[in-house]
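S.K.: Below is work-v4.pdb; it holds PDB, C-alpha atoms, pLDDT in the B column.
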ATOM      1  CA  MET C1031      11.326  13.930  -3.586  1.00 80.00           C
ATOM      2  CA  MET C1032       7.844  14.011  -2.097  1.00 85.00           C
ATOM      3  CA  ARG C1033       6.685  11.859   0.810  1.00 90.00           C
ATOM      4  CA  CYS C1034       3.107  10.762   1.253  1.00 89.00           C
ATOM      5  CA  ALA C1035       1.253   8.667   3.796  1.00 93.00           C
ATOM      6  CA  PHE C1036      -2.111   6.958   3.755  1.00 95.00           C
ATOM      7  CA  LYS C1037      -4.079   4.440   5.739  1.00 97.00           C
ATOM      8  CA  MET C1038      -5.972   1.343   4.681  1.00 97.00           C
ATOM      9  CA  LYS C1039      -8.051  -1.230   6.564  1.00 98.00           C
ATOM     10  CA  LEU C1040      -7.121  -4.892   6.904  1.00 98.00           C
ATOM     11  CA  LYS C1041      -9.894  -7.426   7.453  1.00 98.00           C
ATOM     12  CA  LEU C1042      -9.902  -9.079  10.869  1.00 97.00           C
ATOM     13  CA  GLY C1043      -7.626 -12.120  11.087  1.00 96.00           C
ATOM     14  CA  CYS C1044      -5.818 -11.421   7.807  1.00 98.00           C
ATOM     15  CA  GLU C1045      -2.560  -9.939   9.086  1.00 97.00           C
ATOM     16  CA  VAL C1046      -0.516 -13.141   8.559  1.00 97.00           C
ATOM     17  CA  GLU C1047      -1.794 -13.544   5.000  1.00 98.00           C
ATOM     18  CA  TYR C1048      -1.168  -9.853   4.271  1.00 98.00           C
ATOM     19  CA  GLU C1049       2.445 -10.154   5.402  1.00 97.00           C
ATOM     20  CA  LYS C1050       2.886 -13.412   3.476  1.00 98.00           C
ATOM     21  CA  ARG C1051       1.666 -11.846   0.230  1.00 98.00           C
ATOM     22  CA  HIS C1052       3.930  -8.836   0.652  1.00 97.00           C
ATOM     23  CA  ARG C1053       6.976 -10.990   1.398  1.00 97.00           C
ATOM     24  CA  ALA C1054       6.375 -12.514  -2.031  1.00 97.00           C
ATOM     25  CA  ILE C1055       5.471  -9.260  -3.802  1.00 96.00           C
ATOM     26  CA  TRP C1056       5.598  -9.670  -7.546  1.00 97.00           C
ATOM     27  CA  PRO C1057       8.849  -8.463  -9.159  1.00 97.00           C
ATOM     28  CA  GLU C1058       6.895  -6.800 -11.972  1.00 96.00           C
ATOM     29  CA  LEU C1059       4.976  -4.731  -9.416  1.00 94.00           C
ATOM     30  CA  VAL C1060       8.171  -3.638  -7.654  1.00 94.00           C
ATOM     31  CA  LYS C1061       9.679  -2.738 -11.033  1.00 94.00           C
ATOM     32  CA  LEU C1062       6.609  -0.695 -11.985  1.00 91.00           C
ATOM     33  CA  LEU C1063       6.638   1.188  -8.673  1.00 90.00           C
ATOM     34  CA  LYS C1064      10.313   2.036  -9.018  1.00 90.00           C
ATOM     35  CA  GLU C1065       9.921   3.064 -12.672  1.00 88.00           C
ATOM     36  CA  THR C1066       7.144   5.472 -11.721  1.00 86.00           C
ATOM     37  CA  GLY C1067       9.265   7.066  -8.995  1.00 88.00           C
ATOM     38  CA  VAL C1068       7.973   5.299  -5.883  1.00 88.00           C
ATOM     39  CA  SER C1069      10.693   4.434  -3.372  1.00 84.00           C
ATOM     40  CA  GLU C1070      11.154   3.910   0.341  1.00 88.00           C
ATOM     41  CA  TYR C1071       7.713   2.306   0.612  1.00 93.00           C
ATOM     42  CA  SER C1072       6.793   1.022   4.088  1.00 96.00           C
ATOM     43  CA  ILE C1073       3.530  -0.342   5.460  1.00 97.00           C
ATOM     44  CA  PHE C1074       2.870  -0.671   9.188  1.00 98.00           C
ATOM     45  CA  TRP C1075       0.048  -2.575  10.906  1.00 97.00           C
ATOM     46  CA  ASP C1076      -1.776  -1.316  13.997  1.00 97.00           C
ATOM     47  CA  LYS C1077      -2.944  -4.436  15.840  1.00 96.00           C
ATOM     48  CA  GLU C1078      -5.529  -2.566  17.930  1.00 96.00           C
ATOM     49  CA  THR C1079      -7.391  -1.012  14.993  1.00 96.00           C
ATOM     50  CA  ASN C1080      -6.393  -3.325  12.119  1.00 96.00           C
ATOM     51  CA  LEU C1081      -5.352  -0.232  10.205  1.00 98.00           C
ATOM     52  CA  LEU C1082      -2.449  -0.273   7.797  1.00 98.00           C
ATOM     53  CA  PHE C1083      -0.327   2.863   7.687  1.00 97.00           C
ATOM     54  CA  ALA C1084       1.719   3.357   4.524  1.00 95.00           C
ATOM     55  CA  VAL C1085       4.512   5.823   3.826  1.00 94.00           C
ATOM     56  CA  GLN C1086       6.297   6.232   0.533  1.00 92.00           C
ATOM     57  CA  GLU C1087       8.642   8.599  -1.178  1.00 91.00           C
ATOM     58  CA  GLN C1088       7.838   9.493  -4.731  1.00 84.00           C
ATOM     59  CA  ALA C1089       9.540  11.480  -7.466  1.00 85.00           C
ATOM     60  CA  GLY C1090       6.753  13.448  -9.103  1.00 68.00           C
ATOM     61  CA  ASP C1091       3.097  13.981  -8.377  1.00 66.00           C
ATOM     62  CA  SER C1092       1.800  10.414  -8.380  1.00 61.00           C
ATOM     63  CA  GLY C1093       2.276   7.476  -6.058  1.00 59.00           C
ATOM     64  CA  SER C1094       1.266   3.837  -5.899  1.00 61.00           C
ATOM     65  CA  GLN C1095      -2.399   4.702  -5.378  1.00 61.00           C
ATOM     66  CA  ASP C1096      -2.445   6.544  -8.726  1.00 61.00           C
ATOM     67  CA  LEU C1097      -1.500   3.520 -10.853  1.00 73.00           C
ATOM     68  CA  GLY C1098      -4.987   2.012 -11.071  1.00 71.00           C
ATOM     69  CA  THR C1099      -5.078   1.871 -14.861  1.00 83.00           C
ATOM     70  CA  ASN C1100      -2.033  -0.398 -15.015  1.00 87.00           C
ATOM     71  CA  PRO C1101      -2.888  -4.104 -15.547  1.00 92.00           C
ATOM     72  CA  VAL C1102      -0.267  -5.284 -13.019  1.00 94.00           C
ATOM     73  CA  VAL C1103      -1.716  -2.997 -10.339  1.00 93.00           C
ATOM     74  CA  LYS C1104      -5.269  -4.094 -11.145  1.00 95.00           C
ATOM     75  CA  LYS C1105      -4.200  -7.727 -10.845  1.00 96.00           C
ATOM     76  CA  TRP C1106      -2.524  -7.005  -7.468  1.00 96.00           C
ATOM     77  CA  TRP C1107      -5.650  -5.220  -6.226  1.00 96.00           C
ATOM     78  CA  ASP C1108      -7.776  -8.207  -7.229  1.00 96.00           C
ATOM     79  CA  TYR C1109      -5.336 -10.515  -5.428  1.00 98.00           C
ATOM     80  CA  MET C1110      -5.533  -8.451  -2.224  1.00 97.00           C
ATOM     81  CA  ALA C1111      -9.285  -7.716  -2.286  1.00 98.00           C
ATOM     82  CA  ASP C1112     -10.271 -10.673  -0.099  1.00 98.00           C
ATOM     83  CA  ILE C1113      -8.212  -9.461   2.880  1.00 98.00           C
ATOM     84  CA  MET C1114      -8.686  -5.665   2.786  1.00 98.00           C
ATOM     85  CA  ASP C1115     -11.456  -3.105   2.643  1.00 98.00           C
ATOM     86  CA  VAL C1116     -11.728  -2.232  -1.043  1.00 97.00           C
ATOM     87  CA  ASN C1117     -13.653   0.014  -3.424  1.00 96.00           C
ATOM     88  CA  PRO C1118     -15.920  -1.420  -6.158  1.00 96.00           C
ATOM     89  CA  ASP C1119     -12.909  -1.645  -8.543  1.00 95.00           C
ATOM     90  CA  ASN C1120     -10.973  -3.636  -5.875  1.00 96.00           C
ATOM     91  CA  SER C1121      -8.598  -0.746  -5.189  1.00 95.00           C
ATOM     92  CA  PRO C1122      -7.880  -0.518  -1.469  1.00 95.00           C
ATOM     93  CA  VAL C1123      -9.900   2.036   0.432  1.00 96.00           C
ATOM     94  CA  SER C1124      -7.064   4.472   0.944  1.00 94.00           C
ATOM     95  CA  ILE C1125      -7.264   7.620   3.037  1.00 95.00           C
ATOM     96  CA  PRO C1126      -4.501  10.196   2.520  1.00 93.00           C
ATOM     97  CA  LEU C1127      -2.901  11.571   5.668  1.00 95.00           C
ATOM     98  CA  LYS C1128      -1.601  15.102   6.124  1.00 94.00           C
ATOM     99  CA  GLU C1129       1.957  15.414   7.349  1.00 93.00           C
ATOM    100  CA  VAL C1130       2.130  17.598  10.442  1.00 95.00           C
ATOM    101  CA  PHE C1131       5.733  16.984  11.485  1.00 94.00           C
ATOM    102  CA  TYR C1132       8.944  15.738   9.843  1.00 90.00           C
ATOM    103  CA  MET C1133      12.440  15.579  11.266  1.00 91.00           C
ATOM    104  CA  LYS C1134      15.362  14.632   9.093  1.00 84.00           C
TER     105      LYS C1134
END
What does the file become when written as structure tokens?
M.R.:
Amino acid sequence: MMRCAFKMKLKLGCEVEYEKRHRAIWPELVKLLKETGVSEYSIFWDKETNLLFAVQEQAGDSGSQDLGTNPVVKKWWDYMADIMDVNPDNSPVSIPLKEVFYMK
């Protein structure tokens, strides 16, 4: 099992909407993530910087940010594009983070 972390940027004033959309995350998206080996997926919000910090465990070499060719993921990205910093294809601007410490 591999763990990865990345950060994304939430637009100012969109934290309530972001949480609301994730509370109602689409079952087909959850199913896809699990089928591709993504588990233990958490996203944290830093109020001071409006940064989102995501951590996920994944079986294999790819995680949620590598599913951009899937229609369900593309639809989710389009749905979230109005409240996050995104790339031209509406994928979230996602910056991988290097793990420097882990205690189990």
S.K.: For the provided coordinates, the residues matched by the PyMOL selection byres ((chain C and resi 1052) around 12) should be stated as a CSV table (one decimal) with C-alpha atoms, in the frame of the given file.
M.R.:
chain,number,residue,atom,x,y,z
C,1045,GLU,CA,-2.6,-9.9,9.1
C,1046,VAL,CA,-0.5,-13.1,8.6
C,1047,GLU,CA,-1.8,-13.5,5.0
C,1048,TYR,CA,-1.2,-9.9,4.3
C,1049,GLU,CA,2.4,-10.2,5.4
C,1050,LYS,CA,2.9,-13.4,3.5
C,1051,ARG,CA,1.7,-11.8,0.2
C,1053,ARG,CA,7.0,-11.0,1.4
C,1054,ALA,CA,6.4,-12.5,-2.0
C,1055,ILE,CA,5.5,-9.3,-3.8
C,1056,TRP,CA,5.6,-9.7,-7.5
C,1057,PRO,CA,8.8,-8.5,-9.2
C,1059,LEU,CA,5.0,-4.7,-9.4
C,1060,VAL,CA,8.2,-3.6,-7.7
C,1071,TYR,CA,7.7,2.3,0.6
C,1072,SER,CA,6.8,1.0,4.1
C,1073,ILE,CA,3.5,-0.3,5.5
C,1074,PHE,CA,2.9,-0.7,9.2
C,1106,TRP,CA,-2.5,-7.0,-7.5
C,1109,TYR,CA,-5.3,-10.5,-5.4
C,1110,MET,CA,-5.5,-8.5,-2.2
S.K.: At a cut-off of 10 Å, using only C-alpha atoms, what residues contact region 1112-1122 of chain C? Leave out same-chain residues fewer than 6 positions from it and give the result as an mmCIF file with C-alpha atoms, keeping the file's coordinate frame.
M.R.:
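Final file, part15.cif:
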data_model
loop_
_atom_site.group_PDB
_atom_site.id
_atom_site.type_symbol
_atom_site.label_atom_id
_atom_site.label_comp_id
_atom_site.auth_asym_id
_atom_site.auth_seq_id
_atom_site.Cartn_x
_atom_site.Cartn_y
_atom_site.Cartn_z
ATOM 1 C CA LYS C 1037 -4.079 4.440 5.739
ATOM 2 C CA MET C 1038 -5.972 1.343 4.681
ATOM 3 C CA LYS C 1039 -8.051 -1.230 6.564
ATOM 4 C CA LEU C 1040 -7.121 -4.892 6.904
ATOM 5 C CA LYS C 1041 -9.894 -7.426 7.453
ATOM 6 C CA LEU C 1042 -9.902 -9.079 10.869
ATOM 7 C CA GLY C 1043 -7.626 -12.120 11.087
ATOM 8 C CA CYS C 1044 -5.818 -11.421 7.807
ATOM 9 C CA GLU C 1045 -2.560 -9.939 9.086
ATOM 10 C CA GLU C 1047 -1.794 -13.544 5.000
ATOM 11 C CA TYR C 1048 -1.168 -9.853 4.271
ATOM 12 C CA ASN C 1080 -6.393 -3.325 12.119
ATOM 13 C CA LEU C 1081 -5.352 -0.232 10.205
ATOM 14 C CA LEU C 1082 -2.449 -0.273 7.797
ATOM 15 C CA GLN C 1095 -2.399 4.702 -5.378
ATOM 16 C CA GLY C 1098 -4.987 2.012 -11.071
ATOM 17 C CA VAL C 1103 -1.716 -2.997 -10.339
ATOM 18 C CA LYS C 1104 -5.269 -4.094 -11.145
ATOM 19 C CA LYS C 1105 -4.200 -7.727 -10.845
ATOM 20 C CA TRP C 1106 -2.524 -7.005 -7.468
#
S.K.: Return as AutoDock Vina command-line options the box centre and box size in Å, one decimal, for an axis-aligned box around all listed atoms of region 1042-1049 of chain C padded by 8 Å per side.
M.R.:
--center_x -3.7 --center_y -11.3 --center_z 7.7 --size_x 28.3 --size_y 20.5 --size_z 22.8
S.K.: Have a look at C:Leu1097, C:Asp1076, C:Ala1035, C:Tyr1132 and name the one nearest to Leu1062 (chain C); count only C-alpha atoms.
M.R.: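 The shortest atom-to-atom distance to Leu1062 (chain C) comes from C:Leu1097.
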S.K.: Excluding Leu1127 (chain C) and its own-chain neighbours fewer than 4 positions away, which residues fall within 10 Å of it when counting all atoms listed in the file? Please give them as a ChimeraX atom specification.
M.R.: /C:1034-1037,1083-1085
S.K.: At what distance in Å, to one decimal, does CA of Met1031 (chain C) lie from CA of Met1133 (chain C)?
M.R.: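 Atom-to-atom, CA of Met1133 (chain C) to CA of Met1031 (chain C), that is 15.0 Å.
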S.K.: Please report the interatomic distance between CA of Trp1075 (chain C) and CA of Arg1033 (chain C) in Å with one decimal.
M.R.: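 Computing it gives 18.8 Å between the two atoms.
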S.K.: If you measure from CA of Gly1067 (chain C) to CA of Pro1101 (chain C), what distance in Å do you get, rounded to one decimal?
M.R.: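 Taking CA of Gly1067 (chain C) and CA of Pro1101 (chain C), their separation equals 17.8 Å.
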S.K.: Check the smallest atom-to-atom distance from each of C:Ala1111, C:Ile1125, C:Met1032, C:Val1102 to Val1068 (chain C) using all atoms listed in the file, then report the winner.
M.R.: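 Looking at the shortest contact to Val1068 (chain C), the residue is C:Met1032.
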S.K.: Pull the neighbourhood of (4.3, 4.6, -15.6) for me: all residues within 10 Å in file coordinates, counting all atoms listed in the file, as a PDB file with C-alpha atoms, in the coordinates of the input.
M.R.:
ATOM      1  CA  LEU C1062       6.609  -0.695 -11.985  1.00 91.00           C
ATOM      2  CA  LEU C1063       6.638   1.188  -8.673  1.00 90.00           C
ATOM      3  CA  LYS C1064      10.313   2.036  -9.018  1.00 90.00           C
ATOM      4  CA  GLU C1065       9.921   3.064 -12.672  1.00 88.00           C
ATOM      5  CA  THR C1066       7.144   5.472 -11.721  1.00 86.00           C
ATOM      6  CA  GLY C1067       9.265   7.066  -8.995  1.00 88.00           C
ATOM      7  CA  SER C1092       1.800  10.414  -8.380  1.00 61.00           C
ATOM      8  CA  ASP C1096      -2.445   6.544  -8.726  1.00 61.00           C
ATOM      9  CA  LEU C1097      -1.500   3.520 -10.853  1.00 73.00           C
ATOM     10  CA  THR C1099      -5.078   1.871 -14.861  1.00 83.00           C
ATOM     11  CA  ASN C1100      -2.033  -0.398 -15.015  1.00 87.00           C
TER      12      ASN C1100
END
